[in-house]
Amino acid sequence: MTNKFIEKIKKKFKNFIFPEINEIIMKKELIENIINIAKDSYPKEFLAWMIGNNRKGVLMIENLEMQTYYANNNSAIFEPTWLPNTSNIIGTVHSHPGYSNRASRADLRVFNKRGLIHAIICMPYTQETIQFYDKYGEKINIKIE
Ligand SMILES: [Zn+2]
């Protein structure tokens, strides 16, 4: 599924924090968490850091660290300024209070700055409306279990 992306990560980040990744997995509870936060935040967007670990070659996305930021009414202008006290940042996740989970130009700028994998969830905020992207804004699929 994401072999091509994993190969890309391996090449680009050989000495990065995730040297040996064969698979990317997000816990189902975390997806549910994201869905709930997105619903609670509506009509505003939320932004969080995705935190994870390399567990024997499996990149597990395990936690969120909420980021305080200010959003305007259409697409959020978020520039993550605060960083969690961990080196295990996988990337960001944020919600769109609309029916598109396409990455905006502002989103792509953020994707590129920090992290490898990013997620956008749009209305109606279900597992099916979460889209994952690599840091270049290309769509990727990850395993959810
Ligand atoms: Zn966005």
# chains A, B, ... in the order shown; residues from 1 in each chain; ligands from 1
>>> closest_atom_pairs(of="chain A", to="ligand 1", cutoff="10 Å", atoms="only C-alpha atoms and all ligand atoms", output="tab-separated table")
residue	atom	partner	partner_atom_place_in_ligand_line	distance
A:Glu45	CA	ligand 1	1 (Zn)	8.3
A:Phe46	CA	ligand 1	1 (Zn)	9.6
A:Leu47	CA	ligand 1	1 (Zn)	9.1
A:Asn74	CA	ligand 1	1 (Zn)	9.3
A:Ser75	CA	ligand 1	1 (Zn)	5.8
A:Ala76	CA	ligand 1	1 (Zn)	6.1
A:Ile77	CA	ligand 1	1 (Zn)	8.2
A:Phe78	CA	ligand 1	1 (Zn)	8.5
A:Val93	CA	ligand 1	1 (Zn)	9.0
A:His94	CA	ligand 1	1 (Zn)	6.5
A:Ser95	CA	ligand 1	1 (Zn)	6.7
A:His96	CA	ligand 1	1 (Zn)	5.9
A:Pro97	CA	ligand 1	1 (Zn)	9.3
A:Ser100	CA	ligand 1	1 (Zn)	9.1
A:Asn101	CA	ligand 1	1 (Zn)	7.3
A:Arg102	CA	ligand 1	1 (Zn)	7.3
A:Ala103	CA	ligand 1	1 (Zn)	5.4
A:Ser104	CA	ligand 1	1 (Zn)	5.5
A:Arg105	CA	ligand 1	1 (Zn)	8.4
A:Ala106	CA	ligand 1	1 (Zn)	7.2
A:Asp107	CA	ligand 1	1 (Zn)	5.1
A:Leu108	CA	ligand 1	1 (Zn)	8.5
A:Val110	CA	ligand 1	1 (Zn)	9.5
A:Ala119	CA	ligand 1	1 (Zn)	9.2
A:Ile120	CA	ligand 1	1 (Zn)	6.6
A:Ile121	CA	ligand 1	1 (Zn)	8.7
A:Cys122	CA	ligand 1	1 (Zn)	9.1
>>> write_last_selection(atoms="C-alpha atoms", output="compact mmCIF listing (two decimals), in the first residue's frame")
# COMPACT_ATOMS: atom_id res chain seq x y z
CA GLU A 45 -10.81 23.97 13.03
CA PHE A 46 -8.48 22.20 15.36
CA LEU A 47 -4.82 21.44 14.95
CA ASN A 74 -12.52 29.84 5.80
CA SER A 75 -9.32 27.85 5.83
CA ALA A 76 -7.28 28.21 8.97
CA ILE A 77 -4.14 30.20 8.98
CA PHE A 78 -2.16 28.08 11.30
CA VAL A 93 -3.61 16.67 11.95
CA HIS A 94 -6.25 19.34 11.49
CA SER A 95 -9.92 19.59 10.66
CA HIS A 96 -11.79 21.42 7.92
CA PRO A 97 -15.26 22.73 8.78
CA SER A 100 -13.22 19.02 1.45
CA ASN A 101 -10.15 17.44 2.96
CA ARG A 102 -7.93 18.83 0.24
CA ALA A 103 -4.76 20.48 1.48
CA SER A 104 -4.75 24.23 0.99
CA ARG A 105 -1.66 26.18 0.00
CA ALA A 106 -1.21 27.21 3.63
CA ASP A 107 -1.55 23.56 4.66
CA LEU A 108 1.15 22.52 2.23
CA VAL A 110 3.01 23.66 7.13
CA ALA A 119 -3.83 14.35 8.14
CA ILE A 120 -6.89 16.43 7.29
CA ILE A 121 -10.38 15.47 8.38
CA CYS A 122 -13.42 17.13 6.85
>>> closest_atom_pairs(of="segment 22-107 of chain A", to="segment 112-116 of chain A", cutoff="12 Å", atoms="only C-alpha atoms", output="CSV")
residue,atom,partner,partner_atom,distance
A:Ile24,CA,A:Leu116,CA,11.2
A:Trp49,CA,A:Gly115,CA,9.0
A:Met50,CA,A:Gly115,CA,8.8
A:Ile51,CA,A:Gly115,CA,9.8
A:Gly52,CA,A:Gly115,CA,10.9
A:Leu59,CA,A:Leu116,CA,11.1
A:Ile61,CA,A:Leu116,CA,11.5
A:Glu79,CA,A:Lys113,CA,9.8
A:Pro80,CA,A:Arg114,CA,9.0
A:Thr81,CA,A:Arg114,CA,10.8
A:Trp82,CA,A:Arg114,CA,11.7
A:Leu83,CA,A:Arg114,CA,9.9
A:Ser87,CA,A:Gly115,CA,10.2
A:Asn88,CA,A:Gly115,CA,9.2
A:Ile89,CA,A:Gly115,CA,6.2
A:Ile90,CA,A:Gly115,CA,5.0
A:Gly91,CA,A:Gly115,CA,3.9
A:Thr92,CA,A:Gly115,CA,7.1
A:Val93,CA,A:Gly115,CA,10.6
A:Ala103,CA,A:Asn112,CA,11.8
A:Arg105,CA,A:Asn112,CA,10.8
A:Ala106,CA,A:Asn112,CA,10.2
A:Asp107,CA,A:Asn112,CA,8.7
>>> write_last_selection(atoms="C-alpha atoms", output="CSV table (one decimal), in the first residue's frame")
chain,number,residue,atom,x,y,z
A,24,ILE,CA,2.6,2.9,9.1
A,49,TRP,CA,0.6,17.2,16.5
A,50,MET,CA,0.6,13.5,15.8
A,51,ILE,CA,3.1,11.7,18.0
A,52,GLY,CA,4.5,8.3,17.4
A,59,LEU,CA,5.7,3.5,12.6
A,61,ILE,CA,1.0,6.9,15.3
A,79,GLU,CA,1.5,28.4,11.8
A,80,PRO,CA,2.5,25.9,14.5
A,81,THR,CA,4.7,27.9,16.8
A,82,TRP,CA,4.8,25.7,19.8
A,83,LEU,CA,6.4,22.3,19.7
A,87,SER,CA,11.3,14.4,19.2
A,88,ASN,CA,8.7,11.9,18.1
A,89,ILE,CA,6.6,14.3,16.1
A,90,ILE,CA,5.1,12.4,13.1
A,91,GLY,CA,3.3,15.4,11.7
A,92,THR,CA,0.1,17.4,12.1
A,93,VAL,CA,-3.6,16.7,11.9
A,103,ALA,CA,-4.8,20.5,1.5
A,105,ARG,CA,-1.7,26.2,0.0
A,106,ALA,CA,-1.2,27.2,3.6
A,107,ASP,CA,-1.6,23.6,4.7
>>> closest_residue(among="A:Lys135, A:Lys56, A:His118, A:Arg109", to="Glu23 of chain A", atoms="only C-alpha atoms")
A:Lys56
>>> residues_around(residues="Lys28 of chain A", least_positions_apart="5", cutoff="12 Å", atoms="only C-alpha atoms", output="ChimeraX atom specification")
/A:33-35,60-63,126-127,142-145
>>> write_last_selection(atoms="N, CA and C atoms", output="PDB file, in the first residue's frame")
ATOM      1  N   ASN A  33     -10.667   9.558  18.470  1.00  0.00           N
ATOM      2  CA  ASN A  33     -10.296  10.761  19.196  1.00  0.00           C
ATOM      3  C   ASN A  33     -10.313  11.993  18.278  1.00  0.00           C
ATOM      4  N   ILE A  34      -9.699  11.847  17.116  1.00  0.00           N
ATOM      5  CA  ILE A  34      -9.629  12.933  16.139  1.00  0.00           C
ATOM      6  C   ILE A  34     -11.033  13.336  15.701  1.00  0.00           C
ATOM      7  N   ILE A  35     -11.872  12.319  15.451  1.00  0.00           N
ATOM      8  CA  ILE A  35     -13.253  12.577  15.029  1.00  0.00           C
ATOM      9  C   ILE A  35     -13.989  13.388  16.096  1.00  0.00           C
ATOM     10  N   MET A  60       4.203   3.628  14.453  1.00  0.00           N
ATOM     11  CA  MET A  60       2.897   3.686  15.106  1.00  0.00           C
ATOM     12  C   MET A  60       2.571   5.125  15.464  1.00  0.00           C
ATOM     13  N   ILE A  61       1.448   5.610  14.931  1.00  0.00           N
ATOM     14  CA  ILE A  61       0.987   6.944  15.327  1.00  0.00           C
ATOM     15  C   ILE A  61       0.092   6.731  16.545  1.00  0.00           C
ATOM     16  N   GLU A  62       0.517   7.245  17.684  1.00  0.00           N
ATOM     17  CA  GLU A  62      -0.095   6.816  18.943  1.00  0.00           C
ATOM     18  C   GLU A  62      -0.797   7.905  19.741  1.00  0.00           C
ATOM     19  N   ASN A  63      -0.331   9.135  19.621  1.00  0.00           N
ATOM     20  CA  ASN A  63      -0.877  10.187  20.481  1.00  0.00           C
ATOM     21  C   ASN A  63      -1.049  11.489  19.724  1.00  0.00           C
ATOM     22  N   THR A 126     -15.825  11.480   9.773  1.00  0.00           N
ATOM     23  CA  THR A 126     -15.840  10.034   9.966  1.00  0.00           C
ATOM     24  C   THR A 126     -14.469   9.493   9.563  1.00  0.00           C
ATOM     25  N   GLN A 127     -14.272   8.204   9.804  1.00  0.00           N
ATOM     26  CA  GLN A 127     -13.001   7.592   9.413  1.00  0.00           C
ATOM     27  C   GLN A 127     -12.773   7.732   7.907  1.00  0.00           C
ATOM     28  N   ILE A 142      -2.616   4.897   5.085  1.00  0.00           N
ATOM     29  CA  ILE A 142      -1.964   4.215   6.183  1.00  0.00           C
ATOM     30  C   ILE A 142      -2.918   3.179   6.747  1.00  0.00           C
ATOM     31  N   LYS A 143      -2.347   2.238   7.462  1.00  0.00           N
ATOM     32  CA  LYS A 143      -3.173   1.160   8.017  1.00  0.00           C
ATOM     33  C   LYS A 143      -3.797   1.631   9.330  1.00  0.00           C
ATOM     34  N   ILE A 144      -5.064   1.321   9.500  1.00  0.00           N
ATOM     35  CA  ILE A 144      -5.753   1.666  10.746  1.00  0.00           C
ATOM     36  C   ILE A 144      -6.154   0.379  11.431  1.00  0.00           C
ATOM     37  N   GLU A 145      -5.746   0.249  12.668  1.00  0.00           N
ATOM     38  CA  GLU A 145      -6.126  -0.987  13.384  1.00  0.00           C
ATOM     39  C   GLU A 145      -6.266  -0.777  14.871  1.00  0.00           C
TER      40      GLU A 145
END
